[in-house]
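Engineer: Input work.csv, format and content: CSV, C-alpha atoms.
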chain,number,residue,atom,x,y,z
A,10,MET,CA,207.6,76.0,-78.0
A,11,LYS,CA,208.7,78.9,-75.8
A,12,GLN,CA,205.9,80.5,-73.8
A,13,ASP,CA,206.9,84.2,-73.8
A,14,ASN,CA,205.2,85.3,-70.6
A,15,LYS,CA,205.9,82.3,-68.4
A,16,TYR,CA,209.0,81.5,-66.4
A,17,THR,CA,210.5,78.7,-64.3
A,18,VAL,CA,212.4,80.0,-61.3
A,19,ILE,CA,215.2,77.9,-59.9
A,20,THR,CA,217.1,78.8,-56.8
A,21,GLY,CA,220.5,77.3,-56.1
A,22,ALA,CA,221.0,77.1,-59.9
A,23,SER,CA,224.7,77.7,-60.1
A,24,SER,CA,225.7,74.1,-59.7
A,25,GLY,CA,224.6,70.5,-59.1
A,26,ILE,CA,220.9,69.6,-59.4
A,27,GLY,CA,219.8,73.2,-59.9
A,28,TYR,CA,222.2,73.7,-62.8
A,29,GLU,CA,221.1,70.5,-64.6
A,30,THR,CA,217.4,71.2,-63.8
A,31,ALA,CA,217.7,74.6,-65.5
A,32,LYS,CA,219.1,73.0,-68.6
A,33,ALA,CA,216.4,70.3,-68.6
A,34,PHE,CA,213.6,72.9,-68.4
A,35,ALA,CA,215.3,74.9,-71.1
A,36,LYS,CA,215.1,71.9,-73.4
A,37,ARG,CA,211.3,72.1,-72.9
A,38,GLY,CA,211.3,75.6,-74.1
A,39,LYS,CA,210.8,77.2,-70.7
A,40,ASN,CA,212.0,80.7,-70.0
A,41,LEU,CA,214.1,80.8,-66.8
A,42,VAL,CA,215.0,82.9,-63.8
A,43,ILE,CA,218.2,81.3,-62.4
A,44,VAL,CA,219.1,82.3,-58.8
A,45,ALA,CA,222.3,81.8,-56.8
A,46,CYS,CA,225.1,83.7,-55.1
A,47,ASN,CA,227.8,82.5,-57.6
A,48,LYS,CA,227.4,85.0,-60.5
A,49,GLU,CA,230.2,83.5,-62.6
A,50,ASN,CA,228.5,80.1,-62.7
A,51,LEU,CA,225.1,81.6,-63.4
A,52,GLU,CA,226.4,83.5,-66.4
A,53,LYS,CA,228.1,80.3,-67.6
A,54,LEU,CA,224.8,78.5,-67.3
A,55,ARG,CA,223.0,81.2,-69.1
A,56,MET,CA,225.4,81.1,-72.0
A,57,GLU,CA,225.1,77.3,-72.2
A,58,ILE,CA,221.4,77.5,-72.3
A,59,LEU,CA,221.2,80.3,-74.9
A,60,HIS,CA,223.7,78.5,-77.1
A,61,ASP,CA,221.3,75.6,-77.5
A,62,ASN,CA,218.1,77.5,-77.0
A,63,PRO,CA,218.6,81.1,-78.4
A,64,SER,CA,214.9,82.0,-78.4
A,65,LEU,CA,214.6,81.7,-74.6
A,66,ASN,CA,214.7,84.4,-72.0
A,67,VAL,CA,217.2,83.5,-69.2
A,68,ILE,CA,217.3,86.0,-66.3
A,69,VAL,CA,220.1,85.9,-63.8
A,70,LYS,CA,219.5,86.9,-60.2
A,71,ASN,CA,222.8,86.9,-58.3
A,72,VAL,CA,221.7,87.0,-54.7
A,73,ASP,CA,222.6,85.4,-51.3
A,74,LEU,CA,219.3,83.8,-50.1
A,75,SER,CA,220.7,83.0,-46.7
A,76,ILE,CA,220.1,86.7,-45.9
A,77,THR,CA,216.4,87.1,-45.2
A,78,PRO,CA,215.8,90.7,-46.6
A,79,ASN,CA,217.3,89.4,-49.9
A,80,VAL,CA,214.6,86.8,-50.1
A,81,TYR,CA,211.8,89.3,-50.0
A,82,GLN,CA,213.6,91.6,-52.4
A,83,LEU,CA,214.1,88.7,-54.9
A,84,TYR,CA,210.4,88.0,-54.8
A,85,GLN,CA,209.5,91.6,-55.4
A,86,GLU,CA,211.9,91.5,-58.4
A,87,LEU,CA,210.0,88.5,-59.8
A,88,LYS,CA,206.6,90.3,-59.7
A,89,PRO,CA,206.8,91.4,-63.4
A,90,TYR,CA,207.0,87.8,-64.5
A,91,HIS,CA,204.4,85.0,-64.6
A,92,ILE,CA,206.0,82.3,-62.5
A,93,GLU,CA,204.8,79.0,-63.9
A,94,THR,CA,207.0,76.9,-61.7
A,95,LEU,CA,209.1,77.7,-58.6
A,96,ILE,CA,211.8,75.2,-57.6
A,97,ASN,CA,213.3,75.8,-54.2
A,98,ASN,CA,216.6,74.0,-54.6
A,99,ALA,CA,218.9,76.4,-52.7
A,100,GLY,CA,220.4,74.7,-49.6
A,101,PHE,CA,223.4,72.9,-48.2
A,102,GLY,CA,224.3,70.2,-45.7
A,103,ASN,CA,226.4,69.7,-42.7
A,104,TYR,CA,228.2,66.6,-41.4
A,105,ASP,CA,229.1,66.9,-37.8
A,106,SER,CA,227.8,65.9,-34.4
A,107,VAL,CA,225.4,68.2,-32.6
A,108,ALA,CA,227.9,68.7,-29.9
A,109,ASN,CA,230.7,69.8,-32.3
A,110,GLN,CA,228.8,71.5,-35.1
A,111,SER,CA,229.6,75.1,-36.0
A,112,LEU,CA,226.6,77.1,-34.9
A,113,GLU,CA,227.5,79.9,-37.3
A,114,LYS,CA,227.3,77.4,-40.2
A,115,VAL,CA,224.1,75.8,-38.8
A,116,GLU,CA,222.4,79.1,-38.4
A,117,THR,CA,223.1,79.9,-42.1
A,118,MET,CA,222.0,76.4,-43.1
A,119,LEU,CA,218.7,76.7,-41.3
A,120,ARG,CA,218.0,80.2,-42.7
A,121,LEU,CA,218.6,78.9,-46.3
A,122,ASN,CA,217.1,75.3,-46.0
A,123,VAL,CA,214.1,76.3,-43.9
A,124,GLU,CA,213.4,80.0,-43.6
A,125,THR,CA,214.1,81.0,-47.2
A,126,LEU,CA,212.1,78.1,-48.5
A,127,VAL,CA,209.1,78.9,-46.4
A,128,ILE,CA,209.1,82.6,-47.3
A,129,LEU,CA,209.3,81.9,-51.1
A,130,SER,CA,206.8,79.1,-50.9
A,131,SER,CA,204.3,81.2,-48.9
A,132,LEU,CA,204.6,84.2,-51.2
A,133,PHE,CA,204.3,82.1,-54.3
A,134,VAL,CA,201.2,80.1,-53.0
A,135,HIS,CA,199.5,83.4,-52.0
A,136,ASP,CA,199.9,84.7,-55.5
A,137,TYR,CA,199.5,81.6,-57.6
A,138,GLN,CA,197.3,79.1,-55.7
A,139,ASN,CA,194.4,79.6,-58.1
A,140,ILE,CA,196.3,79.8,-61.3
A,141,GLU,CA,196.1,76.7,-63.5
A,142,GLY,CA,199.4,74.9,-64.3
A,143,SER,CA,201.3,76.4,-61.4
A,144,GLN,CA,203.7,74.2,-59.5
A,145,LEU,CA,205.9,74.5,-56.5
A,146,ILE,CA,208.7,71.9,-56.1
A,147,ASN,CA,210.7,71.9,-52.9
A,148,ILE,CA,214.0,70.0,-52.7
A,149,SER,CA,214.2,67.9,-49.6
A,150,SER,CA,216.5,64.8,-49.2
A,151,ALA,CA,216.4,61.1,-48.4
A,152,GLY,CA,217.6,62.6,-45.1
A,153,GLY,CA,214.3,64.4,-44.9
A,154,TYR,CA,212.6,61.0,-44.3
A,155,THR,CA,215.5,59.1,-42.5
A,156,ILE,CA,217.8,60.3,-39.7
A,157,VAL,CA,221.3,59.9,-41.0
A,158,PRO,CA,224.2,59.5,-38.5
A,159,ASN,CA,226.4,62.6,-38.0
A,160,ALA,CA,223.9,64.7,-40.0
A,161,VAL,CA,221.1,65.2,-37.4
A,162,THR,CA,220.6,68.9,-37.8
A,163,TYR,CA,220.7,68.8,-41.6
A,164,CYS,CA,218.2,65.9,-41.6
A,165,ALA,CA,216.0,67.9,-39.2
A,166,SER,CA,216.0,70.8,-41.7
A,167,LYS,CA,215.0,68.5,-44.5
A,168,PHE,CA,212.3,66.8,-42.4
A,169,PHE,CA,210.9,70.3,-42.1
A,170,VAL,CA,211.0,70.7,-45.9
A,171,SER,CA,209.3,67.3,-46.4
A,172,THR,CA,206.5,67.8,-43.8
A,173,PHE,CA,205.9,71.5,-44.7
A,174,THR,CA,205.6,70.6,-48.4
A,175,GLU,CA,203.4,67.5,-47.9
A,176,GLY,CA,201.2,69.5,-45.5
A,177,LEU,CA,201.0,72.3,-48.0
A,178,ALA,CA,200.0,69.9,-50.7
A,179,ARG,CA,197.2,68.5,-48.6
A,180,GLU,CA,196.1,72.0,-47.7
A,181,LEU,CA,195.9,73.0,-51.3
A,182,GLN,CA,194.1,69.9,-52.3
A,183,GLU,CA,191.5,70.4,-49.5
A,184,SER,CA,190.9,74.0,-50.7
A,185,HIS,CA,190.6,72.8,-54.3
A,186,ALA,CA,193.5,75.1,-55.3
A,187,LYS,CA,194.9,74.8,-58.8
A,188,LEU,CA,198.6,75.1,-57.7
A,189,GLN,CA,200.4,71.8,-57.0
A,190,ALA,CA,203.0,71.5,-54.3
A,191,LYS,CA,205.5,68.7,-54.6
A,192,VAL,CA,208.7,67.5,-52.8
A,193,LEU,CA,211.7,65.8,-54.3
A,194,ALA,CA,214.0,63.8,-51.9
A,195,PRO,CA,217.3,62.8,-53.5
A,196,ALA,CA,219.7,60.4,-51.9
A,197,ALA,CA,223.5,60.7,-52.5
A,198,THR,CA,224.0,62.9,-55.6
A,199,LYS,CA,227.4,63.9,-56.9
A,200,THR,CA,227.4,67.7,-56.5
A,201,ASN,CA,229.3,70.2,-54.5
A,202,PHE,CA,227.2,69.1,-51.5
A,203,GLY,CA,229.9,66.8,-50.2
A,204,ASN,CA,232.5,69.6,-50.1
A,205,VAL,CA,230.3,72.0,-48.3
A,206,ALA,CA,228.8,69.5,-45.8
A,207,ASN,CA,232.3,68.3,-44.8
A,208,ASN,CA,234.2,71.6,-45.1
A,209,ILE,CA,236.7,70.2,-47.6
A,210,GLU,CA,237.7,70.3,-51.2
A,211,GLY,CA,237.8,67.4,-53.6
A,212,TYR,CA,235.2,65.2,-51.8
A,213,ASP,CA,235.3,61.7,-53.2
A,214,TYR,CA,231.8,60.3,-53.8
A,215,ASP,CA,233.2,57.0,-55.1
A,216,LYS,CA,235.1,56.5,-51.8
A,217,SER,CA,232.5,57.9,-49.5
A,218,PHE,CA,229.3,56.4,-51.1
A,219,GLY,CA,230.1,54.1,-54.0
A,220,THR,CA,226.6,54.4,-55.2
A,221,TYR,CA,225.1,57.8,-56.1
A,222,HIS,CA,223.2,59.6,-58.8
A,223,THR,CA,224.5,62.3,-61.0
A,224,SER,CA,222.9,65.8,-61.0
A,225,LYS,CA,221.6,65.1,-64.5
A,226,GLU,CA,219.9,61.9,-63.3
A,227,MET,CA,218.2,63.9,-60.4
A,228,ALA,CA,217.1,66.5,-62.9
A,229,ASP,CA,215.5,63.8,-64.9
A,230,PHE,CA,213.7,62.5,-61.7
A,231,LEU,CA,212.5,66.0,-61.0
A,232,LEU,CA,211.0,66.2,-64.4
A,233,GLN,CA,209.2,62.9,-63.8
A,234,LEU,CA,207.7,64.4,-60.6
A,235,TYR,CA,206.9,67.6,-62.5
A,236,ASP,CA,205.0,65.6,-65.2
A,237,SER,CA,203.1,63.5,-62.6
A,238,ARG,CA,200.1,64.3,-60.4
A,239,GLU,CA,202.0,62.8,-57.4
A,240,VAL,CA,203.2,64.8,-54.4
A,241,VAL,CA,206.4,63.0,-53.5
A,242,GLY,CA,209.4,61.8,-55.4
A,243,THR,CA,211.9,59.9,-53.3
A,244,VAL,CA,215.1,58.0,-53.9
A,245,ASN,CA,215.5,54.9,-51.8
A,246,ARG,CA,218.8,55.2,-49.9
A,247,GLU,CA,219.5,51.5,-50.1
A,248,ALA,CA,218.3,50.5,-53.6
A,249,PHE,CA,218.7,54.0,-55.2
A,250,GLU,CA,215.5,53.5,-57.0
A,251,PHE,CA,213.3,56.5,-57.7
A,252,ASN,CA,209.6,56.3,-56.7
A,253,LEU,CA,206.6,58.7,-57.1
A,254,GLY,CA,203.8,58.5,-54.6
A,255,SER,CA,201.5,60.1,-52.2
A,256,PRO,CA,202.5,62.0,-49.0
A,257,LEU,CA,204.3,59.8,-46.5
A,258,PHE,CA,203.7,61.6,-43.2
A,259,ALA,CA,200.5,61.0,-41.2
A,260,TYR,CA,197.9,63.7,-41.6
A,261,ALA,CA,195.2,64.5,-39.0
A,262,GLY,CA,192.8,65.9,-41.6
A,263,ASN,CA,189.8,64.1,-40.1
A,264,SER,CA,190.7,64.0,-36.5
A,265,LYS,CA,187.9,64.9,-34.1
A,266,HIS,CA,190.6,66.6,-31.9
A,267,ASN,CA,191.5,69.2,-34.5
A,268,GLN,CA,190.8,72.8,-33.6
A,269,THR,CA,187.5,74.0,-34.9
A,270,THR,CA,186.7,77.4,-36.3
Take the structure from the file and write it as structure tokens.
Structural biologist:
Amino acid sequence: MKQDNKYTVITGASSGIGYETAKAFAKRGKNLVIVACNKENLEKLRMEILHDNPSLNVIVKNVDLSITPNVYQLYQELKPYHIETLINNAGFGNYDSVANQSLEKVETMLRLNVETLVILSSLFVHDYQNIEGSQLINISSAGGYTIVPNAVTYCASKFFVSTFTEGLARELQESHAKLQAKVLAPAATKTNFGNVANNIEGYDYDKSFGTYHTSKEMADFLLQLYDSREVVGTVNREAFEFNLGSPLFAYAGNSKHNQTT
């Protein structure tokens, strides 16, 4: 049943995992705020959702989140809504050596993958940390737990997402907050990722990977994470199995060498 005053916010919703995740949450009767810089695809997604779920509210926010002032403006525009779940899915990859990578592309990638995610996460946690049922799900990557050849900078950006979200989850748990922070780490998934990461059109996932998940499968995995009390949902890069579990990075919560206040 639709909950009139509550919304699920999904960034990067115009294609791939974000697109399918929006449809998956709509099937559960969730009102949506879908965010991306491709307005045409967002409107198409909105019409698809309303065709099957006409009672839902689906709000389109056409915005480029790689521009920092836009991130703050978006959050201000979300203030009238009760955000039940925020899914930071917006991001892209880059396949190239550090020596040869385009710094212009890398700068944009780091702003979107890291800076935008931190800003939205921080604002959301500040406002919703003590509201029962609130969830923050940040999309990392299997490359956020393993360094992949020729994708060092991209992996580093996703290591940041993984460590930031795991650390935030521990911080929230230690303060007995009601909001849950979680991280999803997909492996190869057939989306527009391959085109953008390689600066090409018509990227062939069958030729390049052979084994991969579909966006719908990843949306299903995300829902499993959403329904669980676990912090981390990872896809094994070798077996392509999905696992739910506790934070994977070491945490110096009880170290005698921590700063005292």
Engineer: Please tell me which residues are no farther than 8 Å from (204.3, 72.2, -51.2) in the file, counting only C-alpha atoms, and write them as a list in words.
Structural biologist: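 Residues with an atom close enough to that point: Ser130, Leu145, Ile146, Asn147, Phe173, Thr174, Glu175, Gly176, Leu177, Ala178, Gln189, Ala190, Lys191 and Val192 of chain A.
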Engineer: So, with all atoms listed in the file as the atoms that count, which of A:Thr17, A:Ser255, A:Asn47, A:Gln110 lies closest to Ala160 in chain A?
Structural biologist: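 Smallest distance to Ala160 in chain A is found for A:Gln110.
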Engineer: Taking all atoms listed in the file into account, name the residue in A:Cys46, A:Leu41, A:Leu253, A:Leu87 that is nearest to Leu65 in chain A.
Structural biologist: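 Among the listed residues, A:Leu41 lies closest to Leu65 in chain A.
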Engineer: What gap, in Å, lies between CA of Lys39 in chain A and CA of Ser184 in chain A?
Structural biologist: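 So the answer is 28.4 Å.
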Engineer: Write out as a tab-separated table the residues of range 67-133 of chain A that have any atom within 7 Å of an atom of range 198-219 of chain A, one row each with the nearest atom pair and its distance in Å to one decimal, counting all atoms listed in the file, sorted by chain and then rising number.
Structural biologist:
residue	atom	partner	partner_atom	distance
A:Phe101	CA	A:Phe202	CA	6.3
A:Gly102	CA	A:Ala206	CA	4.6
A:Asn103	CA	A:Ala206	CA	3.9
A:Tyr104	CA	A:Ala206	CA	5.3
Engineer: Generate the output file for the selected residues, C-alpha atoms, as a compact mmCIF listing (two decimals), in the coordinates of the input.
Structural biologist:
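The resulting file, selection22.txt, is reproduced below:
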# COMPACT_ATOMS: atom_id res chain seq x y z
CA PHE A 101 223.40 72.90 -48.20
CA GLY A 102 224.30 70.20 -45.70
CA ASN A 103 226.40 69.70 -42.70
CA TYR A 104 228.20 66.60 -41.40
Engineer: Find, counting only C-alpha atoms, the residue in A:Asn252, A:Thr162, A:Asn97, A:Ser150 that gets nearest to Ser131 in chain A.
Structural biologist: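 Checking each candidate against Ser131 in chain A, we get A:Asn97 as the closest.
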Engineer: Axis-aligned box over every listed atom of range 251-265 of chain A, padded by 4 Å per side: centre and edges in Å to one decimal, as lines of an AutoDock Vina configuration file?
Structural biologist:
center_x = 200.6
center_y = 61.1
center_z = -45.9
size_x = 33.4
size_y = 17.6
size_z = 31.6
Engineer: Neighbours of Leu54 in chain A within 12 Å (all atoms listed in the file; same-chain residues fewer than 3 positions away dropped), as JSON, numbers by chain?
Structural biologist: {"A": [22, 23, 24, 25, 27, 28, 29, 30, 31, 32, 33, 35, 41, 42, 43, 44, 45, 47, 48, 49, 50, 51, 57, 58, 59, 60, 61, 62, 67, 68, 69]}
Engineer: Could you give me, as a PyMOL selection string, the residues within 9 Å of Leu74 in chain A, counting only C-alpha atoms and dropping anything in the same chain fewer than 3 positions from it?
Structural biologist: chain A and resi 20-21+44-46+77-80+83+99+120-121+125
Engineer: Save out the residues we just selected, C-alpha atoms, as an mmCIF file, in the coordinates of the input.
Structural biologist:
data_model
loop_
_atom_site.group_PDB
_atom_site.id
_atom_site.type_symbol
_atom_site.label_atom_id
_atom_site.label_comp_id
_atom_site.auth_asym_id
_atom_site.auth_seq_id
_atom_site.Cartn_x
_atom_site.Cartn_y
_atom_site.Cartn_z
ATOM 1 C CA THR A 20 217.100 78.800 -56.800
ATOM 2 C CA GLY A 21 220.500 77.300 -56.100
ATOM 3 C CA VAL A 44 219.100 82.300 -58.800
ATOM 4 C CA ALA A 45 222.300 81.800 -56.800
ATOM 5 C CA CYS A 46 225.100 83.700 -55.100
ATOM 6 C CA THR A 77 216.400 87.100 -45.200
ATOM 7 C CA PRO A 78 215.800 90.700 -46.600
ATOM 8 C CA ASN A 79 217.300 89.400 -49.900
ATOM 9 C CA VAL A 80 214.600 86.800 -50.100
ATOM 10 C CA LEU A 83 214.100 88.700 -54.900
ATOM 11 C CA ALA A 99 218.900 76.400 -52.700
ATOM 12 C CA ARG A 120 218.000 80.200 -42.700
ATOM 13 C CA LEU A 121 218.600 78.900 -46.300
ATOM 14 C CA THR A 125 214.100 81.000 -47.200
#
Engineer: What is the distance between CA of Met56 in chain A and CA of Lys15 in chain A, in Å to one decimal?
Structural biologist: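 One can read the CA of Met56 in chain A to CA of Lys15 in chain A distance as 19.9 Å.
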Engineer: Applying 8 Å and all atoms listed in the file, which residues near Tyr154 in chain A remain after dropping the ones on its own chain fewer than 5 positions away? List them as a count of residues only.
Structural biologist: 4
Engineer: State, in Å with one decimal place, the distance from CA of Ala186 in chain A to CA of Phe169 in chain A.
Structural biologist: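 Separation of CA of Ala186 in chain A and CA of Phe169 in chain A: 22.4 Å.
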Engineer: Of the residues A:Ser75, A:Gly38, A:Ala196, A:Glu183, which is the one nearest to Pro63 in chain A, using only C-alpha atoms?
Structural biologist: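 Under the stated criterion, the closest residue is A:Gly38.
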Engineer: Pick out the closest residue to Glu86 in chain A from this set: A:Gly152, A:Lys36, A:Ser237, A:Val18. Count only C-alpha atoms.
Structural biologist: A:Val18
Engineer: Any idea what's packed within 12 Å of Asp229 in chain A, counting all atoms listed in the file, ignoring anything in its chain fewer than 2 positions away? Could you give it as an MDAnalysis selection string?
Structural biologist: chainID A and resid 26:27 29:34 36 193 195 222:227 231:236 242 251
Engineer: Considering all atoms listed in the file, state which residue in the set A:Phe258, A:Phe230, A:Tyr163, A:Phe133 is at the smallest distance from Tyr84 in chain A.
Structural biologist: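 Checking each candidate against Tyr84 in chain A, we get A:Phe133 as the closest.
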Engineer: Could you give me range 205-215 of chain A completed to all heavy atoms, formatted as a short mmCIF file (atom, residue, chain, number, x, y, z; two decimals), keeping the file's coordinate frame?
Structural biologist:
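This went into rebuild06.cif:
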data_model
loop_
_atom_site.label_atom_id
_atom_site.label_comp_id
_atom_site.auth_asym_id
_atom_site.auth_seq_id
_atom_site.Cartn_x
_atom_site.Cartn_y
_atom_site.Cartn_z
N VAL A 205 230.83 71.06 -49.24
CA VAL A 205 230.30 72.00 -48.30
C VAL A 205 229.92 71.35 -46.97
O VAL A 205 230.22 71.86 -45.88
CB VAL A 205 229.07 72.73 -48.88
CG1 VAL A 205 228.42 73.66 -47.86
CG2 VAL A 205 229.46 73.51 -50.13
N ALA A 206 229.28 70.19 -47.06
CA ALA A 206 228.80 69.50 -45.80
C ALA A 206 229.98 69.08 -44.95
O ALA A 206 229.84 69.02 -43.72
CB ALA A 206 227.99 68.29 -46.22
N ASN A 207 231.12 68.78 -45.58
CA ASN A 207 232.30 68.30 -44.80
C ASN A 207 233.38 69.33 -44.66
O ASN A 207 234.43 69.02 -44.10
CB ASN A 207 232.84 67.05 -45.50
CG ASN A 207 231.91 65.86 -45.43
OD1 ASN A 207 231.82 65.17 -44.42
ND2 ASN A 207 231.19 65.60 -46.53
N ASN A 208 233.17 70.52 -45.19
CA ASN A 208 234.20 71.60 -45.10
C ASN A 208 235.51 71.21 -45.69
O ASN A 208 236.57 71.45 -45.11
CB ASN A 208 234.35 72.03 -43.63
CG ASN A 208 233.07 72.52 -42.99
OD1 ASN A 208 232.36 73.34 -43.55
ND2 ASN A 208 232.77 71.97 -41.81
N ILE A 209 235.45 70.58 -46.88
CA ILE A 209 236.70 70.20 -47.60
C ILE A 209 236.57 70.48 -49.04
O ILE A 209 235.54 70.91 -49.53
CB ILE A 209 236.94 68.64 -47.39
CG1 ILE A 209 235.78 67.83 -48.01
CG2 ILE A 209 237.14 68.27 -45.92
CD1 ILE A 209 236.07 66.34 -48.05
N GLU A 210 237.65 70.25 -49.77
CA GLU A 210 237.70 70.30 -51.20
C GLU A 210 238.00 68.95 -51.77
O GLU A 210 238.73 68.18 -51.14
CB GLU A 210 238.69 71.36 -51.70
CG GLU A 210 238.35 72.79 -51.36
CD GLU A 210 237.12 73.30 -52.10
OE1 GLU A 210 236.84 72.79 -53.21
OE2 GLU A 210 236.45 74.20 -51.57
N GLY A 211 237.47 68.63 -52.93
CA GLY A 211 237.80 67.40 -53.60
C GLY A 211 237.13 66.16 -52.93
O GLY A 211 237.70 65.06 -52.88
N TYR A 212 235.89 66.35 -52.44
CA TYR A 212 235.20 65.20 -51.80
C TYR A 212 235.02 64.09 -52.83
O TYR A 212 234.64 64.30 -53.98
CB TYR A 212 233.78 65.74 -51.39
CG TYR A 212 232.97 64.72 -50.62
CD1 TYR A 212 233.21 64.48 -49.27
CD2 TYR A 212 231.94 64.02 -51.24
CE1 TYR A 212 232.45 63.56 -48.56
CE2 TYR A 212 231.17 63.11 -50.54
CZ TYR A 212 231.43 62.88 -49.19
OH TYR A 212 230.68 61.97 -48.51
N ASP A 213 235.31 62.88 -52.37
CA ASP A 213 235.30 61.70 -53.20
C ASP A 213 234.05 60.89 -53.03
O ASP A 213 233.92 60.14 -52.06
CB ASP A 213 236.56 60.84 -52.92
CG ASP A 213 236.78 59.73 -53.93
OD1 ASP A 213 235.80 59.31 -54.57
OD2 ASP A 213 237.93 59.27 -54.07
N TYR A 214 233.10 61.02 -53.95
CA TYR A 214 231.80 60.30 -53.80
C TYR A 214 232.02 58.79 -54.03
O TYR A 214 231.31 57.99 -53.43
CB TYR A 214 230.80 60.84 -54.84
CG TYR A 214 230.03 62.01 -54.29
CD1 TYR A 214 230.55 63.30 -54.36
CD2 TYR A 214 228.78 61.84 -53.69
CE1 TYR A 214 229.86 64.39 -53.85
CE2 TYR A 214 228.08 62.91 -53.18
CZ TYR A 214 228.61 64.18 -53.25
OH TYR A 214 227.93 65.25 -52.73
N ASP A 215 232.97 58.41 -54.88
CA ASP A 215 233.20 57.00 -55.10
C ASP A 215 233.71 56.33 -53.80
O ASP A 215 233.28 55.22 -53.43
CB ASP A 215 234.25 56.78 -56.19
CG ASP A 215 233.72 57.17 -57.55
OD1 ASP A 215 232.63 56.70 -57.90
OD2 ASP A 215 234.38 57.95 -58.25
#
